[in-house]
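Chemist: Can you read through this structure? Questions will come right after.
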Amino acid sequence: AASSNTEILNIPDAESLANVLSAGVQSTVSDPRVMVSYEPDYVPVTPPKMPPLPPEQLVAILQNSIKLDILEGNIGYLRIDHILGQEVADKVGPLLLELVWNKILPTSALIFDLRYTGSGDISGVPYIVSYFTDAEPLIHIDSVYNRPTNTTTKLMSISTLLGARYGITKPLIILTSKNTKGIAEDVAYCLQNLKRATIVGEKTAGGSVKVDKIKVGDTGFYITVPTAKSINPITGSSWEVTGVK
């Protein structure tokens, strides 16, 4: 469309051209995540690898990213601001049990606060969901389709966990806000559709499993495009873009 439209190709200003192309793409694919931008000074950010930390530093990190309380009526309150991935969870598992989980287990109900959870690792989703479901039979929680490899990974519940499960009968309330984004939305959506949790709060952000920014040749132009998607086995759809109600 652009090549036959000489008007577009004659836009001298790169940023204006990027905006016109973005508008064109979005009117075609109706996905607000697909964008063309002009950023000649853009430097990709690579997340730092977690170095091996001594236990006391791990404790400090955990205490900063996790808040817990026991409220009146023996109701547990747990706030997590980052969903840990499997690799990190394996390292800090015993500490998590001691500092957090063993205090939550005896409660009669749990308020799980995801209102400030804007980051996380997809490998943490089966872990969290499994603590609120039965060990057997295994449950198909989510499927993640990866576009570059053209493969789909099934996320299943985990039969053997560190520590005891919270069980399937005690009430579980998940608090959400417009800042609940990405992997936290996946956790909320899975537990909601398994009918294991009640979601209370605002509709979530409607983020993505993975969005990549791809450079166009030797230009200062970039295309932002989702490169993976979550497909819930119960609903056949996703929390991405629309959010969790």
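Residues in the structure tokens are numbered from 1 in each chain, the chains being A, B, ... in the order shown, and ligands are numbered from 1 in the order shown.
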Mind running segment 158-179 of chain A against segment 127-132 of chain A at 8 Å and telling me each contacting residue's nearest atom pair with the distance in Å (one decimal), counting only C-alpha atoms, chain and number ascending, as CSV?
Modeler:
```
residue,atom,partner,partner_atom,distance
A:Ile158,CA,A:Ser130,CA,5.8
A:Ser159,CA,A:Ser130,CA,7.7
A:Leu161,CA,A:Tyr131,CA,7.8
A:Ala164,CA,A:Tyr131,CA,7.7
A:Arg165,CA,A:Tyr131,CA,4.6
A:Tyr166,CA,A:Phe132,CA,5.5
A:Gly167,CA,A:Phe132,CA,5.3
A:Ile168,CA,A:Phe132,CA,5.7
```
Chemist: Those same residues, written as a short mmCIF file (atom, residue, chain, number, x, y, z; two decimals), in the first residue's frame with N, CA and C atoms?
Modeler:
```cif
data_model
loop_
_atom_site.label_atom_id
_atom_site.label_comp_id
_atom_site.auth_asym_id
_atom_site.auth_seq_id
_atom_site.Cartn_x
_atom_site.Cartn_y
_atom_site.Cartn_z
N ILE A 158 2.10 -28.74 38.38
CA ILE A 158 3.26 -29.49 38.86
C ILE A 158 2.81 -30.42 39.99
N SER A 159 3.16 -31.72 39.87
CA SER A 159 2.66 -32.68 40.86
C SER A 159 3.43 -32.64 42.18
N LEU A 161 5.66 -30.35 44.69
CA LEU A 161 6.05 -28.97 45.02
C LEU A 161 6.84 -28.96 46.32
N ALA A 164 3.78 -27.55 51.34
CA ALA A 164 2.40 -28.02 51.16
C ALA A 164 1.61 -27.08 50.26
N ARG A 165 0.52 -27.61 49.68
CA ARG A 165 -0.37 -26.80 48.85
C ARG A 165 -1.36 -26.05 49.74
N TYR A 166 -1.86 -24.95 49.20
CA TYR A 166 -2.87 -24.19 49.95
C TYR A 166 -4.22 -24.92 49.89
N GLY A 167 -4.36 -25.76 48.89
CA GLY A 167 -5.59 -26.55 48.75
C GLY A 167 -6.59 -25.89 47.81
N ILE A 168 -7.72 -26.59 47.61
CA ILE A 168 -8.68 -26.11 46.61
C ILE A 168 -9.97 -25.58 47.24
#
```
Chemist: Write down as a PyMOL selection string the residues belonging to segment 22-241 of chain A that are assigned alpha helix (DSSP H) by DSSP computed on the backbone.
Modeler: chain A and resi 22-29+55-65+86-96+102-104+125-130+183-193
Chemist: Go ahead and write the residues just picked, C-alpha atoms, as a compact mmCIF listing (two decimals), in the first residue's frame.
Modeler:
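And here is the file that came out, out-v4.txt:
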```txt
# COMPACT_ATOMS: atom_id res chain seq x y z
CA SER A 22 1.74 2.83 12.33
CA ALA A 23 -1.76 4.20 11.76
CA GLY A 24 -1.95 2.26 8.47
CA VAL A 25 -0.78 -0.99 10.05
CA GLN A 26 -3.16 -0.64 12.99
CA SER A 27 -6.16 0.02 10.76
CA THR A 28 -5.25 -3.20 8.91
CA VAL A 29 -4.43 -5.60 11.77
CA PRO A 55 21.58 -15.97 51.45
CA GLU A 56 21.35 -12.70 53.40
CA GLN A 57 21.13 -10.69 50.15
CA LEU A 58 18.50 -13.05 48.76
CA VAL A 59 16.49 -12.55 51.97
CA ALA A 60 16.67 -8.77 51.52
CA ILE A 61 15.52 -9.00 47.87
CA LEU A 62 12.63 -11.31 48.76
CA GLN A 63 11.51 -9.09 51.63
CA ASN A 64 11.46 -6.07 49.31
CA SER A 65 9.42 -7.73 46.57
CA GLN A 86 11.51 -21.41 37.84
CA GLU A 87 15.30 -20.95 37.94
CA VAL A 88 15.22 -18.25 40.65
CA ALA A 89 12.41 -20.02 42.55
CA ASP A 90 14.56 -23.17 42.72
CA LYS A 91 17.43 -21.16 44.24
CA VAL A 92 15.35 -19.33 46.84
CA GLY A 93 12.70 -22.04 47.41
CA PRO A 94 13.65 -23.01 50.98
CA LEU A 95 13.86 -19.31 51.94
CA LEU A 96 10.46 -18.61 50.36
CA ASN A 102 4.72 -21.44 55.92
CA LYS A 103 3.13 -18.34 57.48
CA ILE A 104 0.38 -18.22 54.83
CA VAL A 125 2.92 -19.41 36.25
CA PRO A 126 2.63 -23.23 36.71
CA TYR A 127 4.33 -22.93 40.12
CA ILE A 128 1.85 -20.40 41.50
CA VAL A 129 -1.25 -22.05 40.01
CA SER A 130 -0.17 -25.49 41.30
CA ILE A 183 2.70 -12.62 33.50
CA ALA A 184 0.60 -11.55 36.53
CA GLU A 185 -2.39 -11.26 34.18
CA ASP A 186 -1.73 -14.83 33.06
CA VAL A 187 -1.79 -16.04 36.71
CA ALA A 188 -5.07 -14.18 37.39
CA TYR A 189 -6.68 -15.38 34.14
CA CYS A 190 -5.70 -19.04 34.72
CA LEU A 191 -6.97 -19.13 38.32
CA GLN A 192 -10.16 -17.27 37.31
CA ASN A 193 -10.98 -19.73 34.52
```
Chemist: Excluding same-chain residues fewer than 2 positions from Ala197 of chain A, what lies within 7 Å of it counting only C-alpha atoms, as a PDB file with all heavy atoms, in the first residue's frame?
Modeler:
```pdb
ATOM      1  N   LEU A 172      -9.915 -17.855  47.772  1.00  0.00           N
ATOM      2  CA  LEU A 172      -8.754 -17.135  47.222  1.00  0.00           C
ATOM      3  C   LEU A 172      -9.264 -15.918  46.455  1.00  0.00           C
ATOM      4  O   LEU A 172     -10.043 -16.053  45.518  1.00  0.00           O
ATOM      5  CB  LEU A 172      -7.961 -18.067  46.291  1.00  0.00           C
ATOM      6  CG  LEU A 172      -6.808 -17.435  45.500  1.00  0.00           C
ATOM      7  CD1 LEU A 172      -5.726 -16.895  46.420  1.00  0.00           C
ATOM      8  CD2 LEU A 172      -6.196 -18.451  44.526  1.00  0.00           C
ATOM      9  N   ILE A 173      -8.856 -14.747  46.919  1.00  0.00           N
ATOM     10  CA  ILE A 173      -9.248 -13.486  46.279  1.00  0.00           C
ATOM     11  C   ILE A 173      -7.996 -12.882  45.647  1.00  0.00           C
ATOM     12  O   ILE A 173      -6.974 -12.738  46.323  1.00  0.00           O
ATOM     13  CB  ILE A 173      -9.804 -12.472  47.313  1.00  0.00           C
ATOM     14  CG1 ILE A 173     -10.975 -13.065  48.109  1.00  0.00           C
ATOM     15  CG2 ILE A 173     -10.182 -11.147  46.644  1.00  0.00           C
ATOM     16  CD1 ILE A 173     -12.251 -13.256  47.358  1.00  0.00           C
ATOM     17  N   ILE A 174      -8.058 -12.550  44.352  1.00  0.00           N
ATOM     18  CA  ILE A 174      -6.912 -11.902  43.691  1.00  0.00           C
ATOM     19  C   ILE A 174      -7.272 -10.443  43.441  1.00  0.00           C
ATOM     20  O   ILE A 174      -8.300 -10.147  42.823  1.00  0.00           O
ATOM     21  CB  ILE A 174      -6.562 -12.608  42.364  1.00  0.00           C
ATOM     22  CG1 ILE A 174      -6.081 -14.038  42.642  1.00  0.00           C
ATOM     23  CG2 ILE A 174      -5.478 -11.831  41.606  1.00  0.00           C
ATOM     24  CD1 ILE A 174      -5.738 -14.848  41.401  1.00  0.00           C
ATOM     25  N   LEU A 191      -6.267 -18.774  37.088  1.00  0.00           N
ATOM     26  CA  LEU A 191      -6.975 -19.134  38.317  1.00  0.00           C
ATOM     27  C   LEU A 191      -8.458 -18.755  38.237  1.00  0.00           C
ATOM     28  O   LEU A 191      -9.312 -19.440  38.797  1.00  0.00           O
ATOM     29  CB  LEU A 191      -6.298 -18.484  39.528  1.00  0.00           C
ATOM     30  CG  LEU A 191      -4.956 -19.126  39.916  1.00  0.00           C
ATOM     31  CD1 LEU A 191      -4.179 -18.252  40.886  1.00  0.00           C
ATOM     32  CD2 LEU A 191      -5.159 -20.522  40.524  1.00  0.00           C
ATOM     33  N   GLN A 192      -8.762 -17.681  37.507  1.00  0.00           N
ATOM     34  CA  GLN A 192     -10.161 -17.274  37.314  1.00  0.00           C
ATOM     35  C   GLN A 192     -10.913 -18.335  36.492  1.00  0.00           C
ATOM     36  O   GLN A 192     -12.022 -18.736  36.846  1.00  0.00           O
ATOM     37  CB  GLN A 192     -10.210 -15.920  36.602  1.00  0.00           C
ATOM     38  CG  GLN A 192     -11.618 -15.384  36.356  1.00  0.00           C
ATOM     39  CD  GLN A 192     -11.605 -14.111  35.509  1.00  0.00           C
ATOM     40  OE1 GLN A 192     -10.943 -14.060  34.467  1.00  0.00           O
ATOM     41  NE2 GLN A 192     -12.285 -13.087  35.964  1.00  0.00           N
ATOM     42  N   LYS A 195     -11.871 -21.523  37.933  1.00  0.00           N
ATOM     43  CA  LYS A 195     -12.872 -21.269  38.983  1.00  0.00           C
ATOM     44  C   LYS A 195     -12.262 -21.443  40.382  1.00  0.00           C
ATOM     45  O   LYS A 195     -12.922 -21.863  41.325  1.00  0.00           O
ATOM     46  CB  LYS A 195     -14.079 -22.219  38.827  1.00  0.00           C
ATOM     47  CG  LYS A 195     -14.729 -22.206  37.453  1.00  0.00           C
ATOM     48  CD  LYS A 195     -16.016 -21.398  37.454  1.00  0.00           C
ATOM     49  CE  LYS A 195     -16.788 -21.468  36.153  1.00  0.00           C
ATOM     50  NZ  LYS A 195     -16.119 -20.846  35.012  1.00  0.00           N
ATOM     51  N   ILE A 199     -11.662 -12.632  41.156  1.00  0.00           N
ATOM     52  CA  ILE A 199     -10.855 -11.448  40.828  1.00  0.00           C
ATOM     53  C   ILE A 199     -11.607 -10.204  41.304  1.00  0.00           C
ATOM     54  O   ILE A 199     -12.774 -10.014  40.960  1.00  0.00           O
ATOM     55  CB  ILE A 199     -10.609 -11.343  39.300  1.00  0.00           C
ATOM     56  CG1 ILE A 199     -10.086 -12.678  38.734  1.00  0.00           C
ATOM     57  CG2 ILE A 199      -9.658 -10.191  38.975  1.00  0.00           C
ATOM     58  CD1 ILE A 199      -8.711 -13.091  39.144  1.00  0.00           C
TER      59      ILE A 199
END
```
Chemist: Between A:Ala205, A:Ile141, A:Ile122, A:Leu114, which residue has the minimum interatomic distance to Lys245 of chain A, considering only C-alpha atoms?
Modeler: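 Under the stated criterion, the closest residue is A:Ala205.
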Chemist: Would you please extract all strand (DSSP E or B) residues from segment 155-198 of chain A, as assigned by DSSP on the backbone, and give them as a ChimeraX atom specification?
Modeler: /A:155-156,172-176,198
Chemist: Can you write out the residues you just picked, keeping C-alpha atoms, as a short mmCIF file (atom, residue, chain, number, x, y, z; two decimals), in the first residue's frame?
Modeler:
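Saved as result.cif:
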```cif
data_model
loop_
_atom_site.label_atom_id
_atom_site.label_comp_id
_atom_site.auth_asym_id
_atom_site.auth_seq_id
_atom_site.Cartn_x
_atom_site.Cartn_y
_atom_site.Cartn_z
CA LEU A 155 2.20 -25.26 30.66
CA MET A 156 1.05 -28.03 33.00
CA LEU A 172 -8.75 -17.13 47.22
CA ILE A 173 -9.25 -13.49 46.28
CA ILE A 174 -6.91 -11.90 43.69
CA LEU A 175 -6.66 -8.10 43.73
CA THR A 176 -5.98 -6.48 40.34
CA THR A 198 -12.36 -14.51 42.54
#
```
Chemist: Quick one: residues within 12 Å of Val216 of chain A, only C-alpha atoms, excluding same-chain residues fewer than 2 positions away - as a list in words?
Modeler: Ala18, Val36, Ser37, Tyr38, Glu39, Pro40, Lys213, Ile214, Asp218, Thr219, Gly220, Phe221, Tyr222, Ile223 and Thr224 of chain A
Chemist: Neighbours of segment 237-242 of chain A within 6 Å (only C-alpha atoms; same-chain residues fewer than 2 positions away dropped), as a short mmCIF file (atom, residue, chain, number, x, y, z; two decimals) with N, CA and C atoms, in the first residue's frame?
Modeler:
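The resulting file, part_3.cif, is shown below:
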```
data_model
loop_
_atom_site.label_atom_id
_atom_site.label_comp_id
_atom_site.auth_asym_id
_atom_site.auth_seq_id
_atom_site.Cartn_x
_atom_site.Cartn_y
_atom_site.Cartn_z
N GLY A 206 -3.83 -5.55 30.13
CA GLY A 206 -3.92 -6.09 28.76
C GLY A 206 -2.57 -6.02 28.09
N GLY A 207 -1.56 -6.57 28.78
CA GLY A 207 -0.19 -6.57 28.25
C GLY A 207 0.02 -7.74 27.30
N SER A 208 1.24 -8.29 27.29
CA SER A 208 1.58 -9.37 26.36
C SER A 208 2.54 -10.34 27.01
N SER A 230 -0.40 -16.18 24.44
CA SER A 230 -0.96 -17.13 25.39
C SER A 230 -2.32 -17.58 24.89
N ILE A 231 -2.58 -18.90 24.91
CA ILE A 231 -3.89 -19.42 24.54
C ILE A 231 -4.40 -20.27 25.70
N ASN A 232 -5.45 -19.80 26.37
CA ASN A 232 -5.97 -20.53 27.52
C ASN A 232 -6.77 -21.75 27.05
N THR A 235 -10.75 -21.28 27.73
CA THR A 235 -11.52 -20.28 26.98
C THR A 235 -11.17 -20.26 25.49
N VAL A 244 -7.78 -8.75 32.04
CA VAL A 244 -8.62 -9.66 32.81
C VAL A 244 -9.68 -8.83 33.52
#
```
Chemist: When distances are computed from only C-alpha atoms, which of A:Lys170, A:Arg147, A:Lys181, A:Arg196 shows the smallest separation from His82 of chain A?
Modeler: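 The shortest atom-to-atom distance to His82 of chain A comes from A:Lys181.
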